[in-house]
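Asker: This one is run-v7.cif, mmCIF, C-alpha atoms; chains and numbers go by the auth columns.
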```
data_query
loop_
_atom_site.group_PDB
_atom_site.id
_atom_site.type_symbol
_atom_site.label_atom_id
_atom_site.label_comp_id
_atom_site.label_asym_id
_atom_site.label_seq_id
_atom_site.Cartn_x
_atom_site.Cartn_y
_atom_site.Cartn_z
_atom_site.B_iso_or_equiv
_atom_site.auth_seq_id
_atom_site.auth_asym_id
ATOM 1 C CA MET A 1 0.000 0.000 0.000 0.00 1 V
ATOM 2 C CA LEU A 2 2.784 2.402 0.976 0.00 2 V
ATOM 3 C CA TYR A 3 4.645 1.496 -2.215 0.00 3 V
ATOM 4 C CA GLN A 4 1.605 2.352 -4.327 0.00 4 V
ATOM 5 C CA VAL A 5 1.159 5.695 -2.560 0.00 5 V
ATOM 6 C CA LEU A 6 4.822 6.599 -3.047 0.00 6 V
ATOM 7 C CA ARG A 7 4.659 5.472 -6.670 0.00 7 V
ATOM 8 C CA ARG A 8 1.607 7.640 -7.365 0.00 8 V
ATOM 9 C CA PHE A 9 3.212 10.582 -5.568 0.00 9 V
ATOM 10 C CA ALA A 10 6.397 10.248 -7.626 0.00 10 V
ATOM 11 C CA ALA A 11 4.361 10.001 -10.840 0.00 11 V
ATOM 12 C CA SER A 12 2.480 13.157 -9.837 0.00 12 V
ATOM 13 C CA LEU A 13 5.755 15.032 -9.318 0.00 13 V
ATOM 14 C CA VAL A 14 7.041 13.929 -12.731 0.00 14 V
ATOM 15 C CA THR A 15 3.753 14.964 -14.358 0.00 15 V
ATOM 16 C CA LEU A 16 3.861 18.394 -12.689 0.00 16 V
ATOM 17 C CA ALA A 17 7.461 18.869 -13.827 0.00 17 V
ATOM 18 C CA LEU A 18 6.599 17.989 -17.428 0.00 18 V
ATOM 19 C CA VAL A 19 3.538 20.244 -17.384 0.00 19 V
ATOM 20 C CA SER A 20 5.626 23.143 -16.067 0.00 20 V
ATOM 21 C CA VAL A 21 8.199 22.647 -18.854 0.00 21 V
ATOM 22 C CA VAL A 22 5.536 22.462 -21.572 0.00 22 V
ATOM 23 C CA ALA A 23 3.670 25.499 -20.202 0.00 23 V
ATOM 24 C CA PHE A 24 6.885 27.535 -19.985 0.00 24 V
ATOM 25 C CA VAL A 25 7.920 26.634 -23.537 0.00 25 V
ATOM 26 C CA VAL A 26 4.452 27.322 -24.980 0.00 26 V
ATOM 27 C CA ILE A 27 4.381 30.762 -23.346 0.00 27 V
ATOM 28 C CA ALA A 28 7.848 31.526 -24.705 0.00 28 V
ATOM 29 C CA LEU A 29 7.121 30.321 -28.276 0.00 29 V
ATOM 30 C CA PRO A 30 5.174 33.338 -29.644 0.00 30 V
ATOM 31 C CA PRO A 31 7.383 36.135 -31.002 0.00 31 V
ATOM 32 C CA GLY A 32 8.132 38.970 -28.611 0.00 32 V
ATOM 33 C CA ASP A 33 8.578 39.122 -24.847 0.00 33 V
ATOM 34 C CA TYR A 34 7.756 41.366 -21.911 0.00 34 V
ATOM 35 C CA ALA A 35 10.179 44.011 -23.142 0.00 35 V
ATOM 36 C CA ASP A 36 8.325 44.259 -26.457 0.00 36 V
ATOM 37 C CA ALA A 37 4.965 44.482 -24.688 0.00 37 V
ATOM 38 C CA TYR A 38 6.381 47.166 -22.382 0.00 38 V
ATOM 39 C CA ALA A 39 7.686 49.132 -25.359 0.00 39 V
ATOM 40 C CA ALA A 40 4.354 48.874 -27.179 0.00 40 V
ATOM 41 C CA SER A 41 2.445 50.206 -24.162 0.00 41 V
ATOM 42 C CA ARG A 42 4.889 53.097 -23.738 0.00 42 V
ATOM 43 C CA ILE A 43 4.820 53.970 -27.432 0.00 43 V
ATOM 44 C CA ALA A 44 1.013 53.916 -27.375 0.00 44 V
ATOM 45 C CA GLY A 45 1.223 56.475 -24.559 0.00 45 V
ATOM 46 C CA GLY A 46 3.342 58.767 -26.697 0.00 46 V
ATOM 47 C CA GLU A 47 6.723 57.952 -25.142 0.00 47 V
ATOM 48 C CA VAL A 48 9.936 57.107 -26.955 0.00 48 V
ATOM 49 C CA VAL A 49 11.524 53.738 -26.179 0.00 49 V
ATOM 50 C CA THR A 50 14.980 53.024 -27.553 0.00 50 V
ATOM 51 C CA GLU A 51 16.617 49.661 -28.203 0.00 51 V
ATOM 52 C CA ALA A 52 18.961 50.369 -25.298 0.00 52 V
ATOM 53 C CA ASP A 53 15.954 50.666 -22.989 0.00 53 V
ATOM 54 C CA LEU A 54 14.711 47.279 -24.188 0.00 54 V
ATOM 55 C CA GLU A 55 18.100 45.680 -23.580 0.00 55 V
ATOM 56 C CA VAL A 56 18.118 47.026 -20.023 0.00 56 V
ATOM 57 C CA ILE A 57 14.678 45.568 -19.390 0.00 57 V
ATOM 58 C CA ARG A 58 15.660 42.196 -20.879 0.00 58 V
ATOM 59 C CA HIS A 59 18.791 42.069 -18.724 0.00 59 V
ATOM 60 C CA GLN A 60 16.851 43.117 -15.624 0.00 60 V
ATOM 61 C CA PHE A 61 14.356 40.274 -16.005 0.00 61 V
ATOM 62 C CA GLY A 62 16.786 37.714 -17.400 0.00 62 V
ATOM 63 C CA LEU A 63 15.120 37.643 -20.794 0.00 63 V
ATOM 64 C CA ASP A 64 18.520 37.806 -22.498 0.00 64 V
ATOM 65 C CA GLN A 65 19.398 34.388 -21.068 0.00 65 V
ATOM 66 C CA PRO A 66 18.845 31.053 -22.874 0.00 66 V
ATOM 67 C CA LEU A 67 15.389 29.556 -22.421 0.00 67 V
ATOM 68 C CA TYR A 68 16.571 26.731 -20.175 0.00 68 V
ATOM 69 C CA VAL A 69 18.301 29.242 -17.866 0.00 69 V
ATOM 70 C CA GLN A 70 15.090 31.286 -17.670 0.00 70 V
ATOM 71 C CA TYR A 71 13.160 28.128 -16.788 0.00 71 V
ATOM 72 C CA LEU A 72 15.628 27.089 -14.081 0.00 72 V
ATOM 73 C CA ASP A 73 15.519 30.588 -12.552 0.00 73 V
ATOM 74 C CA TRP A 74 11.718 30.530 -12.624 0.00 74 V
ATOM 75 C CA ILE A 75 11.239 27.026 -11.233 0.00 75 V
ATOM 76 C CA GLY A 76 13.903 27.689 -8.596 0.00 76 V
ATOM 77 C CA GLY A 77 11.918 30.679 -7.400 0.00 77 V
ATOM 78 C CA VAL A 78 8.685 28.677 -7.422 0.00 78 V
ATOM 79 C CA LEU A 79 10.238 25.949 -5.262 0.00 79 V
ATOM 80 C CA GLN A 80 11.254 28.637 -2.774 0.00 80 V
ATOM 81 C CA GLY A 81 7.763 30.146 -2.709 0.00 81 V
ATOM 82 C CA ASP A 82 8.564 33.056 -5.029 0.00 82 V
ATOM 83 C CA PHE A 83 6.012 33.033 -7.864 0.00 83 V
ATOM 84 C CA GLY A 84 7.130 36.368 -9.257 0.00 84 V
ATOM 85 C CA TYR A 85 5.431 39.737 -9.540 0.00 85 V
ATOM 86 C CA SER A 86 2.222 40.464 -11.440 0.00 86 V
ATOM 87 C CA TYR A 87 2.534 43.660 -13.449 0.00 87 V
ATOM 88 C CA GLN A 88 -1.161 43.490 -14.279 0.00 88 V
ATOM 89 C CA TYR A 89 -2.262 43.554 -10.628 0.00 89 V
ATOM 90 C CA HIS A 90 0.914 45.302 -9.358 0.00 90 V
ATOM 91 C CA ARG A 91 1.250 42.733 -6.584 0.00 91 V
ATOM 92 C CA PRO A 92 3.221 39.525 -5.903 0.00 92 V
ATOM 93 C CA VAL A 93 1.724 36.581 -7.771 0.00 93 V
ATOM 94 C CA LYS A 94 1.351 34.478 -4.613 0.00 94 V
ATOM 95 C CA GLU A 95 -0.912 37.164 -3.117 0.00 95 V
ATOM 96 C CA VAL A 96 -3.108 37.094 -6.222 0.00 96 V
ATOM 97 C CA ILE A 97 -3.227 33.268 -6.094 0.00 97 V
ATOM 98 C CA GLY A 98 -3.805 33.293 -2.325 0.00 98 V
ATOM 99 C CA GLU A 99 -6.925 35.422 -2.709 0.00 99 V
ATOM 100 C CA ARG A 100 -8.438 32.965 -5.178 0.00 100 V
ATOM 101 C CA LEU A 101 -7.226 29.697 -3.669 0.00 101 V
ATOM 102 C CA PRO A 102 -9.928 29.310 -0.970 0.00 102 V
ATOM 103 C CA MET A 103 -12.719 29.725 -3.539 0.00 103 V
ATOM 104 C CA THR A 104 -10.973 27.270 -5.870 0.00 104 V
ATOM 105 C CA ILE A 105 -10.714 24.684 -3.089 0.00 105 V
ATOM 106 C CA PHE A 106 -14.362 25.230 -2.153 0.00 106 V
ATOM 107 C CA LEU A 107 -15.454 24.801 -5.779 0.00 107 V
ATOM 108 C CA ALA A 108 -13.336 21.653 -6.234 0.00 108 V
ATOM 109 C CA THR A 109 -14.615 20.131 -2.986 0.00 109 V
ATOM 110 C CA THR A 110 -18.237 20.949 -3.784 0.00 110 V
ATOM 111 C CA THR A 111 -17.868 19.508 -7.279 0.00 111 V
ATOM 112 C CA MET A 112 -16.327 16.304 -5.915 0.00 112 V
ATOM 113 C CA LEU A 113 -19.186 15.894 -3.423 0.00 113 V
ATOM 114 C CA PHE A 114 -21.684 16.477 -6.231 0.00 114 V
ATOM 115 C CA ILE A 115 -19.993 13.907 -8.484 0.00 115 V
ATOM 116 C CA TYR A 116 -19.780 11.121 -5.914 0.00 116 V
ATOM 117 C CA GLY A 117 -23.066 11.998 -4.251 0.00 117 V
ATOM 118 C CA THR A 118 -24.815 11.643 -7.596 0.00 118 V
ATOM 119 C CA ALA A 119 -22.730 9.090 -9.510 0.00 119 V
ATOM 120 C CA ILE A 120 -22.489 6.410 -6.802 0.00 120 V
ATOM 121 C CA PRO A 121 -26.248 6.091 -6.143 0.00 121 V
ATOM 122 C CA LEU A 122 -26.977 6.166 -9.878 0.00 122 V
ATOM 123 C CA GLY A 123 -24.289 3.580 -10.552 0.00 123 V
ATOM 124 C CA ILE A 124 -25.615 1.270 -7.835 0.00 124 V
ATOM 125 C CA TYR A 125 -29.183 1.652 -9.058 0.00 125 V
ATOM 126 C CA SER A 126 -28.126 1.006 -12.652 0.00 126 V
ATOM 127 C CA ALA A 127 -26.192 -2.127 -11.602 0.00 127 V
ATOM 128 C CA LEU A 128 -29.155 -3.491 -9.634 0.00 128 V
ATOM 129 C CA HIS A 129 -31.579 -2.774 -12.490 0.00 129 V
ATOM 130 C CA GLN A 130 -29.408 -3.768 -15.421 0.00 130 V
ATOM 131 C CA TYR A 131 -30.983 -3.564 -18.900 0.00 131 V
ATOM 132 C CA SER A 132 -34.020 -1.762 -17.495 0.00 132 V
ATOM 133 C CA ILE A 133 -35.489 1.406 -18.962 0.00 133 V
ATOM 134 C CA ALA A 134 -33.899 3.416 -16.146 0.00 134 V
ATOM 135 C CA ASP A 135 -30.512 1.818 -16.881 0.00 135 V
ATOM 136 C CA TYR A 136 -30.689 2.698 -20.574 0.00 136 V
ATOM 137 C CA SER A 137 -32.022 6.178 -19.792 0.00 137 V
ATOM 138 C CA MET A 138 -29.121 6.951 -17.457 0.00 138 V
ATOM 139 C CA GLY A 139 -26.683 5.618 -20.049 0.00 139 V
ATOM 140 C CA ILE A 140 -28.156 7.892 -22.704 0.00 140 V
ATOM 141 C CA LEU A 141 -28.027 10.886 -20.348 0.00 141 V
ATOM 142 C CA GLY A 142 -24.407 10.051 -19.562 0.00 142 V
ATOM 143 C CA TYR A 143 -23.464 10.049 -23.234 0.00 143 V
ATOM 144 C CA ILE A 144 -25.328 13.326 -23.744 0.00 144 V
ATOM 145 C CA GLY A 145 -23.432 14.816 -20.805 0.00 145 V
ATOM 146 C CA LEU A 146 -20.112 13.732 -22.289 0.00 146 V
ATOM 147 C CA ALA A 147 -21.004 14.998 -25.758 0.00 147 V
ATOM 148 C CA THR A 148 -22.250 18.418 -24.631 0.00 148 V
ATOM 149 C CA PRO A 149 -19.448 21.028 -24.539 0.00 149 V
ATOM 150 C CA ASN A 150 -18.981 22.534 -21.087 0.00 150 V
ATOM 151 C CA PHE A 151 -19.252 26.100 -22.351 0.00 151 V
ATOM 152 C CA LEU A 152 -22.608 25.354 -23.980 0.00 152 V
ATOM 153 C CA LEU A 153 -23.973 23.691 -20.841 0.00 153 V
ATOM 154 C CA ALA A 154 -22.737 26.652 -18.790 0.00 154 V
ATOM 155 C CA LEU A 155 -24.543 29.132 -21.041 0.00 155 V
ATOM 156 C CA ILE A 156 -27.774 27.106 -20.831 0.00 156 V
ATOM 157 C CA LEU A 157 -27.618 26.838 -17.034 0.00 157 V
ATOM 158 C CA MET A 158 -26.785 30.532 -16.612 0.00 158 V
ATOM 159 C CA TYR A 159 -29.729 31.437 -18.818 0.00 159 V
ATOM 160 C CA PHE A 160 -32.213 29.294 -16.906 0.00 160 V
ATOM 161 C CA GLY A 161 -30.678 30.385 -13.594 0.00 161 V
ATOM 162 C CA GLN A 162 -31.406 33.973 -14.551 0.00 162 V
ATOM 163 C CA ILE A 163 -34.930 33.182 -15.792 0.00 163 V
ATOM 164 C CA TRP A 164 -36.002 30.817 -13.003 0.00 164 V
ATOM 165 C CA PHE A 165 -34.093 32.035 -9.949 0.00 165 V
ATOM 166 C CA GLY A 166 -33.064 35.563 -10.897 0.00 166 V
ATOM 167 C CA THR A 167 -29.377 34.875 -10.199 0.00 167 V
ATOM 168 C CA SER A 168 -26.885 37.030 -12.054 0.00 168 V
ATOM 169 C CA ALA A 169 -24.691 35.303 -14.615 0.00 169 V
ATOM 170 C CA GLY A 170 -21.575 37.388 -13.972 0.00 170 V
ATOM 171 C CA GLY A 171 -19.672 35.570 -11.241 0.00 171 V
ATOM 172 C CA VAL A 172 -20.305 33.656 -8.028 0.00 172 V
ATOM 173 C CA PHE A 173 -21.681 36.650 -6.100 0.00 173 V
ATOM 174 C CA SER A 174 -24.421 39.173 -6.682 0.00 174 V
ATOM 175 C CA PHE A 175 -23.300 42.753 -7.208 0.00 175 V
ATOM 176 C CA GLU A 176 -24.112 43.814 -3.642 0.00 176 V
ATOM 177 C CA TYR A 177 -22.021 40.992 -2.158 0.00 177 V
ATOM 178 C CA GLN A 178 -18.929 41.188 -4.371 0.00 178 V
ATOM 179 C CA ASP A 179 -16.902 43.409 -2.036 0.00 179 V
ATOM 180 C CA ALA A 180 -18.946 42.843 1.119 0.00 180 V
ATOM 181 C CA PRO A 181 -17.419 41.056 4.140 0.00 181 V
ATOM 182 C CA TRP A 182 -18.390 37.441 4.762 0.00 182 V
ATOM 183 C CA SER A 183 -21.794 36.904 6.335 0.00 183 V
ATOM 184 C CA ILE A 184 -24.654 34.407 6.293 0.00 184 V
ATOM 185 C CA GLY A 185 -26.276 36.341 3.468 0.00 185 V
ATOM 186 C CA LYS A 186 -23.088 36.307 1.379 0.00 186 V
ATOM 187 C CA PHE A 187 -22.650 32.556 1.967 0.00 187 V
ATOM 188 C CA PHE A 188 -26.183 31.781 0.786 0.00 188 V
ATOM 189 C CA ASP A 189 -25.657 34.107 -2.177 0.00 189 V
ATOM 190 C CA LEU A 190 -22.559 32.071 -3.035 0.00 190 V
ATOM 191 C CA LEU A 191 -24.570 28.841 -2.888 0.00 191 V
ATOM 192 C CA ALA A 192 -27.195 30.389 -5.167 0.00 192 V
ATOM 193 C CA HIS A 193 -24.551 31.028 -7.838 0.00 193 V
ATOM 194 C CA ILE A 194 -21.992 28.271 -7.479 0.00 194 V
ATOM 195 C CA TRP A 195 -24.335 25.451 -8.515 0.00 195 V
ATOM 196 C CA VAL A 196 -23.783 26.380 -12.171 0.00 196 V
ATOM 197 C CA PRO A 197 -20.010 25.721 -12.250 0.00 197 V
ATOM 198 C CA VAL A 198 -20.487 22.707 -9.931 0.00 198 V
ATOM 199 C CA VAL A 199 -22.978 21.086 -12.317 0.00 199 V
ATOM 200 C CA VAL A 200 -20.916 21.966 -15.393 0.00 200 V
ATOM 201 C CA LEU A 201 -17.721 20.504 -13.924 0.00 201 V
ATOM 202 C CA GLY A 202 -19.561 17.602 -12.309 0.00 202 V
ATOM 203 C CA THR A 203 -21.270 16.368 -15.456 0.00 203 V
ATOM 204 C CA ALA A 204 -17.854 15.831 -17.068 0.00 204 V
ATOM 205 C CA GLY A 205 -16.732 13.396 -14.360 0.00 205 V
ATOM 206 C CA MET A 206 -20.046 11.832 -13.376 0.00 206 V
ATOM 207 C CA PRO A 207 -20.365 9.287 -16.252 0.00 207 V
ATOM 208 C CA PHE A 208 -16.907 7.853 -15.533 0.00 208 V
ATOM 209 C CA ASN A 209 -17.686 7.462 -11.828 0.00 209 V
ATOM 210 C CA CYS A 210 -21.050 5.883 -12.610 0.00 210 V
ATOM 211 C CA VAL A 211 -19.210 3.250 -14.637 0.00 211 V
ATOM 212 C CA LEU A 212 -16.608 2.743 -11.938 0.00 212 V
#
```
Would you kindly transcribe this structure into structure tokens?

Answerer:
Amino acid sequence: MLYQVLRRFAASLVTLALVSVVAFVVIALPPGDYADAYAASRIAGGEVVTEADLEVIRHQFGLDQPLYVQYLDWIGGVLQGDFGYSYQYHRPVKEVIGERLPMTIFLATTTMLFIYGTAIPLGIYSALHQYSIADYSMGILGYIGLATPNFLLALILMYFGQIWFGTSAGGVFSFEYQDAPWSIGKFFDLLAHIWVPVVVLGTAGMPFNCVL
């Protein structure tokens, strides 16, 4: 048992490493870099940016180094808890991630409970009533769920959520609760909105768990 856990953990680390390499390379593939984007924004504002200015920026951020050196510098910082600085939000990246991490964990946990809370009873019922109308009906619904694109299902659910329940389609909170401190009202407002992403994400994994 311990061997299997360690084996899965090691495989997860290898997968994360490969994903990080692929993501870094894909981001670096398009022509241009941060220095070019910086120059374009300055030029759009009427300023003059020389090639010497670009070279200074590239040297400052290590963009003049080979790609593998840039990756090693980046992953080394990540392993030490330094995710870099977001120039869009003008804050450290880990602060931006930290603000969104609790909601991400809540959404993932709620989706998992929805998947297993729905798939296991349906799977048991289907196994006990094999080849029945209910069994075939759930199989057909499962195939429909797999075939329906998530974005289309999300649009449909947001539409009916607005028509039936009056919930806004622009986020997981109503406008009056977006910047409000946490309260019972804000929590129930969250529950009134989060069912859409939970159902959309849950329908993708439910057919597989029904089969399992």

Asker: At a cut-off of 12 Å, using all atoms listed in the file, what residues contact range 17-30 of chain V? Leave out same-chain residues fewer than 6 positions from it and give the result as an NGL selection string.

Answerer: :V and (10-11 or 36 or 63 or 66-75 or 78-79)

Asker: One number please: CA of Met103 in chain V to CA of Ile120 in chain V, in Å, one decimal.

Answerer: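 Interatomic distance here is 25.5 Å.
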
Asker: Taking the file as shown, what set of residues would the PyMOL selection byres ((chain V and resi 111) around 12) give back, as a ChimeraX atom specification?

Answerer: /V:104-110,112-119,194-206

Asker: Only C-alpha atoms, please: the residues just picked out, written as a PDB file, in the frame of the given file.

Answerer:
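File produced: out03.pdb:
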```pdb
ATOM      1  CA  THR V 104     -10.973  27.270  -5.870  1.00  0.00           C
ATOM      2  CA  ILE V 105     -10.714  24.684  -3.089  1.00  0.00           C
ATOM      3  CA  PHE V 106     -14.362  25.230  -2.153  1.00  0.00           C
ATOM      4  CA  LEU V 107     -15.454  24.801  -5.779  1.00  0.00           C
ATOM      5  CA  ALA V 108     -13.336  21.653  -6.234  1.00  0.00           C
ATOM      6  CA  THR V 109     -14.615  20.131  -2.986  1.00  0.00           C
ATOM      7  CA  THR V 110     -18.237  20.949  -3.784  1.00  0.00           C
ATOM      8  CA  MET V 112     -16.327  16.304  -5.915  1.00  0.00           C
ATOM      9  CA  LEU V 113     -19.186  15.894  -3.423  1.00  0.00           C
ATOM     10  CA  PHE V 114     -21.684  16.477  -6.231  1.00  0.00           C
ATOM     11  CA  ILE V 115     -19.993  13.907  -8.484  1.00  0.00           C
ATOM     12  CA  TYR V 116     -19.780  11.121  -5.914  1.00  0.00           C
ATOM     13  CA  GLY V 117     -23.066  11.998  -4.251  1.00  0.00           C
ATOM     14  CA  THR V 118     -24.815  11.643  -7.596  1.00  0.00           C
ATOM     15  CA  ALA V 119     -22.730   9.090  -9.510  1.00  0.00           C
ATOM     16  CA  ILE V 194     -21.992  28.271  -7.479  1.00  0.00           C
ATOM     17  CA  TRP V 195     -24.335  25.451  -8.515  1.00  0.00           C
ATOM     18  CA  VAL V 196     -23.783  26.380 -12.171  1.00  0.00           C
ATOM     19  CA  PRO V 197     -20.010  25.721 -12.250  1.00  0.00           C
ATOM     20  CA  VAL V 198     -20.487  22.707  -9.931  1.00  0.00           C
ATOM     21  CA  VAL V 199     -22.978  21.086 -12.317  1.00  0.00           C
ATOM     22  CA  VAL V 200     -20.916  21.966 -15.393  1.00  0.00           C
ATOM     23  CA  LEU V 201     -17.721  20.504 -13.924  1.00  0.00           C
ATOM     24  CA  GLY V 202     -19.561  17.602 -12.309  1.00  0.00           C
ATOM     25  CA  THR V 203     -21.270  16.368 -15.456  1.00  0.00           C
ATOM     26  CA  ALA V 204     -17.854  15.831 -17.068  1.00  0.00           C
ATOM     27  CA  GLY V 205     -16.732  13.396 -14.360  1.00  0.00           C
ATOM     28  CA  MET V 206     -20.046  11.832 -13.376  1.00  0.00           C
TER      29      MET V 206
END
```

Asker: To one decimal place, how far is CA of Gly45 in chain V from CA of Pro92 in chain V in Å?

Answerer: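 Those two atoms sit 25.3 Å apart.
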
Asker: Could you give me, as a PDB file with C-alpha atoms, keeping the file's coordinate frame, the residues within 12 Å of Gly166 in chain V, counting all atoms listed in the file and dropping anything in the same chain fewer than 5 positions from it?

Answerer:
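Okay, this is what ended up in part-v9.pdb:
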```pdb
ATOM      1  CA  LEU V 157     -27.618  26.838 -17.034  1.00  0.00           C
ATOM      2  CA  MET V 158     -26.785  30.532 -16.612  1.00  0.00           C
ATOM      3  CA  TYR V 159     -29.729  31.437 -18.818  1.00  0.00           C
ATOM      4  CA  PHE V 160     -32.213  29.294 -16.906  1.00  0.00           C
ATOM      5  CA  GLY V 161     -30.678  30.385 -13.594  1.00  0.00           C
ATOM      6  CA  SER V 174     -24.421  39.173  -6.682  1.00  0.00           C
ATOM      7  CA  ASP V 189     -25.657  34.107  -2.177  1.00  0.00           C
ATOM      8  CA  ALA V 192     -27.195  30.389  -5.167  1.00  0.00           C
ATOM      9  CA  HIS V 193     -24.551  31.028  -7.838  1.00  0.00           C
TER      10      HIS V 193
END
```

Asker: Here is a test: counting all atoms listed in the file, which residue of V:Tyr3, V:Phe188, V:Tyr136, V:Phe61 is nearest to Gly123 in chain V?

Answerer: V:Tyr136

Asker: May I have the residues within 10 Å of Ile144 in chain V as an NGL selection string, using all atoms listed in the file and disregarding those fewer than 5 positions away in the same chain?

Answerer: :V and (138-139 or 149 or 203 or 207)

Asker: Please provide as a ChimeraX atom specification all residues within 8 Å of Lys94 in chain V, with the sequence filter that same-chain residues fewer than 6 positions apart are discarded (counting only C-alpha atoms).

Answerer: /V:81-84

Asker: Using Å and a single decimal, report how far CA of His90 in chain V sits from CA of Ala39 in chain V.

Answerer: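 These two atoms are separated by 17.8 Å.
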
Asker: Generate the missing atoms of range 158-173 of chain V up to N, CA and C atoms and report them as a compact mmCIF listing (two decimals), in the coordinates of the input.

Answerer:
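So the final result, stored in rebuild.txt, reads:
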```txt
# COMPACT_ATOMS: atom_id res chain seq x y z
N MET V 158 -26.75 29.13 -17.02
CA MET V 158 -26.78 30.53 -16.61
C MET V 158 -28.06 31.21 -17.09
N TYR V 159 -28.49 30.85 -18.29
CA TYR V 159 -29.73 31.44 -18.82
C TYR V 159 -30.93 31.04 -17.96
N PHE V 160 -31.07 29.73 -17.70
CA PHE V 160 -32.21 29.29 -16.91
C PHE V 160 -32.09 29.73 -15.44
N GLY V 161 -30.85 29.86 -14.94
CA GLY V 161 -30.68 30.38 -13.59
C GLY V 161 -31.16 31.81 -13.48
N GLN V 162 -30.92 32.59 -14.53
CA GLN V 162 -31.41 33.97 -14.55
C GLN V 162 -32.93 34.02 -14.69
N ILE V 163 -33.49 33.17 -15.55
CA ILE V 163 -34.93 33.18 -15.79
C ILE V 163 -35.70 32.63 -14.60
N TRP V 164 -35.26 31.50 -14.06
CA TRP V 164 -36.00 30.82 -13.00
C TRP V 164 -35.74 31.37 -11.60
N PHE V 165 -34.46 31.65 -11.32
CA PHE V 165 -34.09 32.03 -9.95
C PHE V 165 -33.65 33.49 -9.82
N GLY V 166 -33.48 34.17 -10.94
CA GLY V 166 -33.06 35.56 -10.90
C GLY V 166 -31.63 35.77 -10.47
N THR V 167 -30.78 34.74 -10.57
CA THR V 167 -29.38 34.88 -10.20
C THR V 167 -28.59 35.48 -11.35
N SER V 168 -27.69 36.39 -11.02
CA SER V 168 -26.88 37.03 -12.05
C SER V 168 -25.91 36.03 -12.66
N ALA V 169 -25.57 36.24 -13.90
CA ALA V 169 -24.69 35.30 -14.62
C ALA V 169 -23.24 35.76 -14.61
N GLY V 170 -22.93 36.83 -13.93
CA GLY V 170 -21.58 37.39 -13.97
C GLY V 170 -20.76 37.12 -12.73
N GLY V 171 -20.51 35.89 -12.39
CA GLY V 171 -19.67 35.57 -11.24
C GLY V 171 -20.40 34.74 -10.21
N VAL V 172 -19.74 34.50 -9.07
CA VAL V 172 -20.30 33.66 -8.03
C VAL V 172 -20.95 34.48 -6.91
N PHE V 173 -21.03 35.79 -7.08
CA PHE V 173 -21.68 36.65 -6.10
C PHE V 173 -22.56 37.67 -6.82
```
